[in-house]
>>> print(open('upload-v4.cif').read())   # mmCIF, C-alpha atoms
data_start
loop_
_atom_site.label_atom_id
_atom_site.label_comp_id
_atom_site.auth_asym_id
_atom_site.auth_seq_id
_atom_site.Cartn_x
_atom_site.Cartn_y
_atom_site.Cartn_z
CA MET S 11 -52.21 -28.21 -9.55
CA SER S 12 -50.25 -25.50 -11.24
CA PRO S 13 -46.58 -25.30 -10.28
CA SER S 14 -45.63 -22.54 -7.92
CA PRO S 15 -44.26 -19.53 -9.70
CA THR S 16 -40.51 -19.31 -9.71
CA SER S 17 -39.10 -16.56 -7.55
CA PRO S 18 -37.39 -13.85 -9.58
CA PRO S 19 -33.61 -13.87 -9.42
CA ALA S 20 -32.10 -11.65 -6.78
CA PRO S 21 -30.77 -8.37 -8.09
CA GLU S 22 -27.11 -8.50 -9.01
CA SER S 23 -26.38 -5.79 -6.44
CA ALA S 24 -27.58 -8.11 -3.67
CA HIS S 25 -24.63 -10.40 -4.31
CA ARG S 26 -22.02 -7.71 -4.88
CA ALA S 27 -19.61 -6.82 -2.11
CA PRO S 28 -19.71 -3.20 -0.95
CA ALA S 29 -17.55 -0.91 -3.04
CA THR S 30 -14.18 0.18 -1.69
CA ARG S 31 -14.61 3.76 -0.47
CA VAL S 32 -11.72 6.05 -1.42
CA LEU S 33 -10.65 9.52 -0.31
CA ILE S 34 -8.34 11.43 -2.69
CA ALA S 35 -6.06 14.13 -1.29
CA ASP S 36 -4.00 16.18 -3.76
CA ASP S 37 -3.50 19.91 -4.20
CA GLN S 38 -3.76 19.63 -7.99
CA GLU S 39 -7.35 19.66 -9.20
CA MET S 40 -6.48 17.93 -12.47
CA VAL S 41 -4.86 15.04 -10.58
CA ARG S 42 -7.87 14.67 -8.28
CA THR S 43 -10.26 14.75 -11.22
CA GLY S 44 -8.21 12.24 -13.21
CA PHE S 45 -7.92 9.82 -10.29
CA GLN S 46 -11.62 10.10 -9.57
CA LEU S 47 -12.58 9.36 -13.18
CA ILE S 48 -10.35 6.29 -13.23
CA LEU S 49 -11.52 4.92 -9.89
CA ASP S 50 -15.23 5.67 -10.27
CA ALA S 51 -15.17 3.74 -13.55
CA GLN S 52 -14.48 0.57 -11.56
CA PRO S 53 -17.54 -1.37 -10.34
CA ASP S 54 -15.89 -2.16 -7.00
CA ILE S 55 -14.50 1.30 -6.15
CA GLU S 56 -16.26 4.51 -5.14
CA VAL S 57 -14.61 7.89 -4.54
CA ILE S 58 -16.47 9.38 -1.58
CA ALA S 59 -14.51 12.63 -1.26
CA GLU S 60 -11.62 14.61 -2.67
CA VAL S 61 -9.71 17.34 -0.86
CA ALA S 62 -6.94 19.80 -1.72
CA ASP S 63 -4.84 19.93 1.44
CA GLY S 64 -3.54 17.73 4.24
CA ALA S 65 -5.55 19.26 7.06
CA ALA S 66 -8.78 18.70 5.16
CA CYS S 67 -7.67 15.14 4.41
CA VAL S 68 -7.28 14.34 8.10
CA GLU S 69 -10.61 15.94 9.00
CA VAL S 70 -12.58 14.25 6.22
CA ALA S 71 -10.87 10.89 6.70
CA ARG S 72 -11.69 10.86 10.41
CA ARG S 73 -15.28 11.81 9.70
CA LEU S 74 -16.02 9.50 6.74
CA ARG S 75 -13.65 6.61 7.56
CA PRO S 76 -12.80 5.66 3.93
CA ASP S 77 -11.40 2.22 3.19
CA VAL S 78 -8.40 3.75 1.42
CA CYS S 79 -6.85 7.23 1.51
CA LEU S 80 -4.91 8.18 -1.62
CA VAL S 81 -2.53 10.88 -0.37
CA ASP S 82 -0.11 13.14 -2.23
CA ILE S 83 3.29 13.73 -0.65
CA ARG S 84 3.36 17.51 -1.11
CA MET S 85 0.25 19.36 0.01
CA PRO S 86 -0.49 22.65 1.82
CA LYS S 87 -1.14 22.85 5.58
CA LEU S 88 -0.07 19.24 6.23
CA ASP S 89 2.12 17.28 3.85
CA GLY S 90 1.58 13.66 2.98
CA LEU S 91 4.06 12.45 5.58
CA ASP S 92 2.22 14.18 8.41
CA VAL S 93 -1.13 12.97 7.10
CA THR S 94 0.16 9.41 6.88
CA ARG S 95 1.52 9.46 10.44
CA ILE S 96 -1.73 10.89 11.80
CA LEU S 97 -4.03 8.49 9.97
CA ALA S 98 -1.94 5.31 9.76
CA GLY S 99 0.97 5.66 12.15
CA PRO S 100 1.65 3.67 15.32
CA ASP S 101 -0.05 6.33 17.45
CA ALA S 102 -3.30 6.24 15.46
CA THR S 103 -6.01 4.70 17.63
CA ASP S 104 -7.94 3.31 14.67
CA PRO S 105 -5.52 3.45 11.72
CA LEU S 106 -6.66 3.87 8.15
CA ARG S 107 -5.05 2.47 5.02
CA VAL S 108 -2.99 5.09 3.22
CA VAL S 109 -1.43 4.87 -0.24
CA VAL S 110 1.14 7.59 -0.82
CA VAL S 111 1.38 9.13 -4.27
CA THR S 112 4.82 10.38 -5.23
CA THR S 113 7.12 11.24 -8.11
CA PHE S 114 10.50 9.62 -8.53
CA ASP S 115 12.42 12.76 -7.60
CA GLN S 116 10.73 12.70 -4.19
CA ASP S 117 12.41 9.47 -3.13
CA ASP S 118 13.89 11.12 -0.04
CA TYR S 119 10.39 11.25 1.43
CA VAL S 120 9.59 7.57 1.04
CA TYR S 121 11.30 6.32 4.17
CA GLY S 122 9.35 8.82 6.26
CA ALA S 123 6.10 7.64 4.69
CA LEU S 124 7.10 4.03 5.35
CA GLN S 125 7.69 4.76 9.01
CA GLY S 126 4.41 6.63 9.08
CA GLY S 127 2.44 3.53 8.14
CA ALA S 128 1.85 3.89 4.39
CA CYS S 129 0.79 0.61 2.79
CA GLY S 130 1.68 1.51 -0.77
CA PHE S 131 3.58 3.86 -3.07
CA LEU S 132 2.54 5.04 -6.50
CA LEU S 133 3.85 7.34 -9.19
CA LYS S 134 1.34 9.89 -10.40
CA ASP S 135 1.99 8.79 -13.98
CA ALA S 136 1.98 5.07 -13.18
CA GLY S 137 -1.14 4.56 -15.26
CA PRO S 138 -4.76 3.67 -14.53
CA GLY S 139 -4.15 -0.05 -14.01
CA LEU S 140 -1.59 0.40 -11.26
CA LEU S 141 -3.70 3.06 -9.55
CA VAL S 142 -6.66 0.69 -9.40
CA GLU S 143 -4.53 -2.22 -8.19
CA ALA S 144 -2.92 -0.08 -5.48
CA VAL S 145 -6.34 0.83 -4.12
CA ARG S 146 -7.58 -2.76 -4.26
CA ALA S 147 -4.44 -4.07 -2.58
CA ALA S 148 -4.75 -1.56 0.25
CA ALA S 149 -8.44 -2.34 0.70
CA ARG S 150 -7.78 -6.03 1.23
CA GLY S 151 -5.04 -5.30 3.75
CA ASP S 152 -2.23 -5.95 1.31
CA ALA S 153 0.24 -3.49 -0.14
CA LEU S 154 1.30 -2.73 -3.66
CA VAL S 155 5.07 -2.42 -3.86
CA SER S 156 5.56 -1.00 -7.32
CA PRO S 157 8.75 -2.30 -8.91
CA SER S 158 9.00 0.92 -10.95
CA VAL S 159 9.01 3.07 -7.82
CA THR S 160 9.55 1.38 -4.51
CA LEU S 161 12.33 -1.00 -5.39
CA ARG S 162 14.50 1.79 -6.76
CA LEU S 163 13.68 3.97 -3.78
CA LEU S 164 14.43 1.26 -1.24
CA GLU S 165 17.65 0.35 -3.01
CA ARG S 166 18.75 3.97 -2.66
CA LEU S 167 17.87 4.01 1.01
CA GLY S 168 20.23 1.14 1.75
CA PRO S 169 21.76 0.82 5.22
CA HIS S 170 22.78 4.48 5.29
CA GLN S 171 19.39 6.03 6.05
CA GLY S 172 18.79 4.36 9.40
CA ALA S 173 17.23 1.11 10.40
CA ALA S 174 13.99 -0.08 8.91
CA PRO S 175 11.12 -0.42 11.35
CA GLY S 176 11.81 -3.45 13.52
CA ALA S 177 15.31 -3.99 12.19
CA ASP S 178 18.43 -3.99 14.38
CA THR S 179 21.38 -3.03 12.22
CA GLY S 180 23.74 -3.50 15.18
CA GLY S 181 23.28 -7.25 15.19
CA PRO S 182 21.70 -10.17 13.35
CA PRO S 183 18.19 -9.76 11.90
CA ALA S 184 15.36 -10.04 14.42
CA GLY S 185 13.91 -13.50 14.63
CA PRO S 186 15.97 -14.86 12.99
CA LEU S 187 14.04 -15.65 9.83
CA THR S 188 14.11 -19.16 8.47
CA ASP S 189 15.56 -19.79 5.02
CA ARG S 190 12.08 -20.00 3.53
CA GLU S 191 11.01 -16.80 5.26
CA MET S 192 14.09 -15.11 3.82
CA ASP S 193 13.01 -16.32 0.37
CA VAL S 194 9.56 -14.84 0.88
CA ALA S 195 10.94 -11.56 2.26
CA GLY S 196 13.28 -11.25 -0.70
CA LEU S 197 10.44 -11.68 -3.18
CA VAL S 198 8.31 -9.16 -1.29
CA ALA S 199 11.20 -6.72 -1.63
CA ARG S 200 11.21 -7.42 -5.36
CA GLY S 201 7.59 -6.32 -5.57
CA ARG S 202 6.06 -9.76 -6.01
CA THR S 203 2.40 -10.29 -5.14
CA ASN S 204 1.33 -13.19 -2.92
CA GLN S 205 0.23 -15.14 -5.97
CA GLU S 206 3.55 -14.59 -7.72
CA ILE S 207 5.39 -15.74 -4.58
CA CYS S 208 3.24 -18.89 -4.63
CA GLN S 209 4.27 -19.61 -8.19
CA GLU S 210 7.98 -18.87 -7.76
CA LEU S 211 8.39 -20.85 -4.54
CA HIS S 212 5.80 -23.53 -5.35
CA LEU S 213 3.83 -22.80 -2.18
CA SER S 214 0.12 -22.56 -1.45
CA LEU S 215 -1.42 -19.14 -0.85
CA GLY S 216 -2.14 -20.09 2.76
CA THR S 217 1.49 -21.03 3.34
CA VAL S 218 2.71 -17.73 1.89
CA LYS S 219 0.34 -15.80 4.16
CA THR S 220 1.55 -17.82 7.15
CA HIS S 221 5.17 -16.97 6.30
CA LEU S 222 4.30 -13.30 5.92
CA GLY S 223 2.60 -13.26 9.30
CA SER S 224 5.60 -14.91 10.91
CA ILE S 225 8.00 -12.46 9.24
CA GLN S 226 5.99 -9.47 10.45
CA THR S 227 5.95 -10.84 14.00
CA LYS S 228 9.68 -11.57 14.07
CA LEU S 229 10.68 -8.23 12.57
CA GLY S 230 8.11 -6.18 14.45
CA VAL S 231 6.77 -4.62 11.26
CA ARG S 232 3.21 -3.91 10.18
CA ASN S 233 2.99 -4.68 6.47
CA ARG S 234 4.82 -5.97 3.41
CA VAL S 235 6.16 -2.53 2.53
CA GLU S 236 8.08 -2.51 5.81
CA ILE S 237 9.25 -6.07 5.09
CA ALA S 238 10.62 -4.79 1.77
CA ALA S 239 12.41 -1.91 3.48
CA TRP S 240 13.97 -4.28 6.02
CA ALA S 241 15.13 -6.62 3.27
CA TRP S 242 16.84 -3.85 1.30
CA GLU S 243 18.38 -2.13 4.30
CA THR S 244 19.81 -5.27 5.87
CA GLY S 245 21.16 -6.65 2.60
CA ALA S 246 18.71 -9.57 2.62
CA VAL S 247 18.07 -8.71 -1.03
CA ARG S 248 20.53 -6.96 -3.29
CA SER S 249 20.40 -5.05 -6.52
CA ARG S 250 20.57 -7.10 -9.66
#
>>> encode(input="upload-v4.cif", output="structure tokens")
Amino acid sequence: MSPSPTSPPAPESAHRAPATRVLIADDQEMVRTGFQLILDAQPDIEVIAEVADGAACVEVARRLRPDVCLVDIRMPKLDGLDVTRILAGPDATDPLRVVVVTTFDQDDYVYGALQGGACGFLLKDAGPGLLVEAVRAAARGDALVSPSVTLRLLERLGPHQGAAPGADTGGPPAGPLTDREMDVAGLVARGRTNQEICQELHLSLGTVKTHLGSIQTKLGVRNRVEIAAWAWETGAVRSR
């Protein structure tokens, strides 16, 4: 009897996870075009829409429900801070993941974006690699804290710009955090990824994630960007 024919291999696309769907909001056409070219070149990312103002961003984001919204700080109609609060803030019924795009001279806006629920910060000239990683981090529920942007911005904020979300500057830190949790929070504030924290503290990835969850619960914050803000503002981590 002849052997049964071998079934053809399944198409590669059948095993590939769905692409991360991205909305780009920026009032500069060249920036939108450049970001789209960079992101669409990635096999795991798809730009589903691009808009030129904040009001359009909110409308399109609510209608299409992208995985990640890449939002400029300064836009007509609604700026990036308003957009972030509407789409990702504590009052959003079904919050989206927002990465705020900024330039270094706009550091006075960052704290407002942080309070509004942004899960990442990026310089427009940060380069293609960081743009892609910021989108991927946001899509997996993480946050990219760029050492070249966020650490300098958060250092400047210090304890003089008001309390970080969940922090009580009138008393001891909420929790309080354990020594190991303080170690993890300090490395988050330094822009370390989970994997880098694992290597520096000799911990498993699961243990790092457990510490992060505990830190967020104790501080009453929503993501690692807010952990970083708390660490800088309370002096848990200091400038080198």
>>> resolve_selection(input="upload-v4.cif", expression="the PyMOL selection byres ((chain S and resi 79) around 6)", output="list in words")
Val32, Leu33, Val78, Leu80, Val81 and Val108 of chain S
>>> atom_distance(input="upload-v4.cif", atom1="CA of Leu97 (chain S)", atom2="CA of Ala128 (chain S)")
9.3 Å
>>> atom_distance(input="upload-v4.cif", atom1="CA of Val93 (chain S)", atom2="CA of Ala195 (chain S)")
27.8 Å
>>> atom_distance(input="upload-v4.cif", atom1="CA of Val68 (chain S)", atom2="CA of Gln226 (chain S)")
27.4 Å
>>> resolve_selection(input="upload-v4.cif", expression="the PyMOL selection byres ((chain S and resi 150-154) around 9)", output="number ranges by chain")
S: 107, 109, 128-132, 140, 143-149, 155-156, 201-203, 233-235
>>> residues_around(input="upload-v4.cif", residues="region 211-216 of chain S", least_positions_apart="6", cutoff="10 Å", atoms="only C-alpha atoms", output="MDAnalysis selection string")
chainID S and resid 190 193:194 197 204:205 222
>>> resolve_selection(input="upload-v4.cif", expression="the PyMOL selection byres ((chain S and resi 31) around 9)", output="PyMOL selection string")
chain S and resi 28-30+32-33+54-59+75-79+149
>>> closest_residue(input="upload-v4.cif", among="S:Val70, S:Ala62, S:Leu124, S:Ala27", to="Glu236 (chain S)", atoms="all atoms listed in the file")
S:Leu124
>>> residues_around(input="upload-v4.cif", residues="Ala98 (chain S)", least_positions_apart="5", cutoff="6 Å", atoms="only C-alpha atoms", output="ChimeraX atom specification")
/S:105-106,127
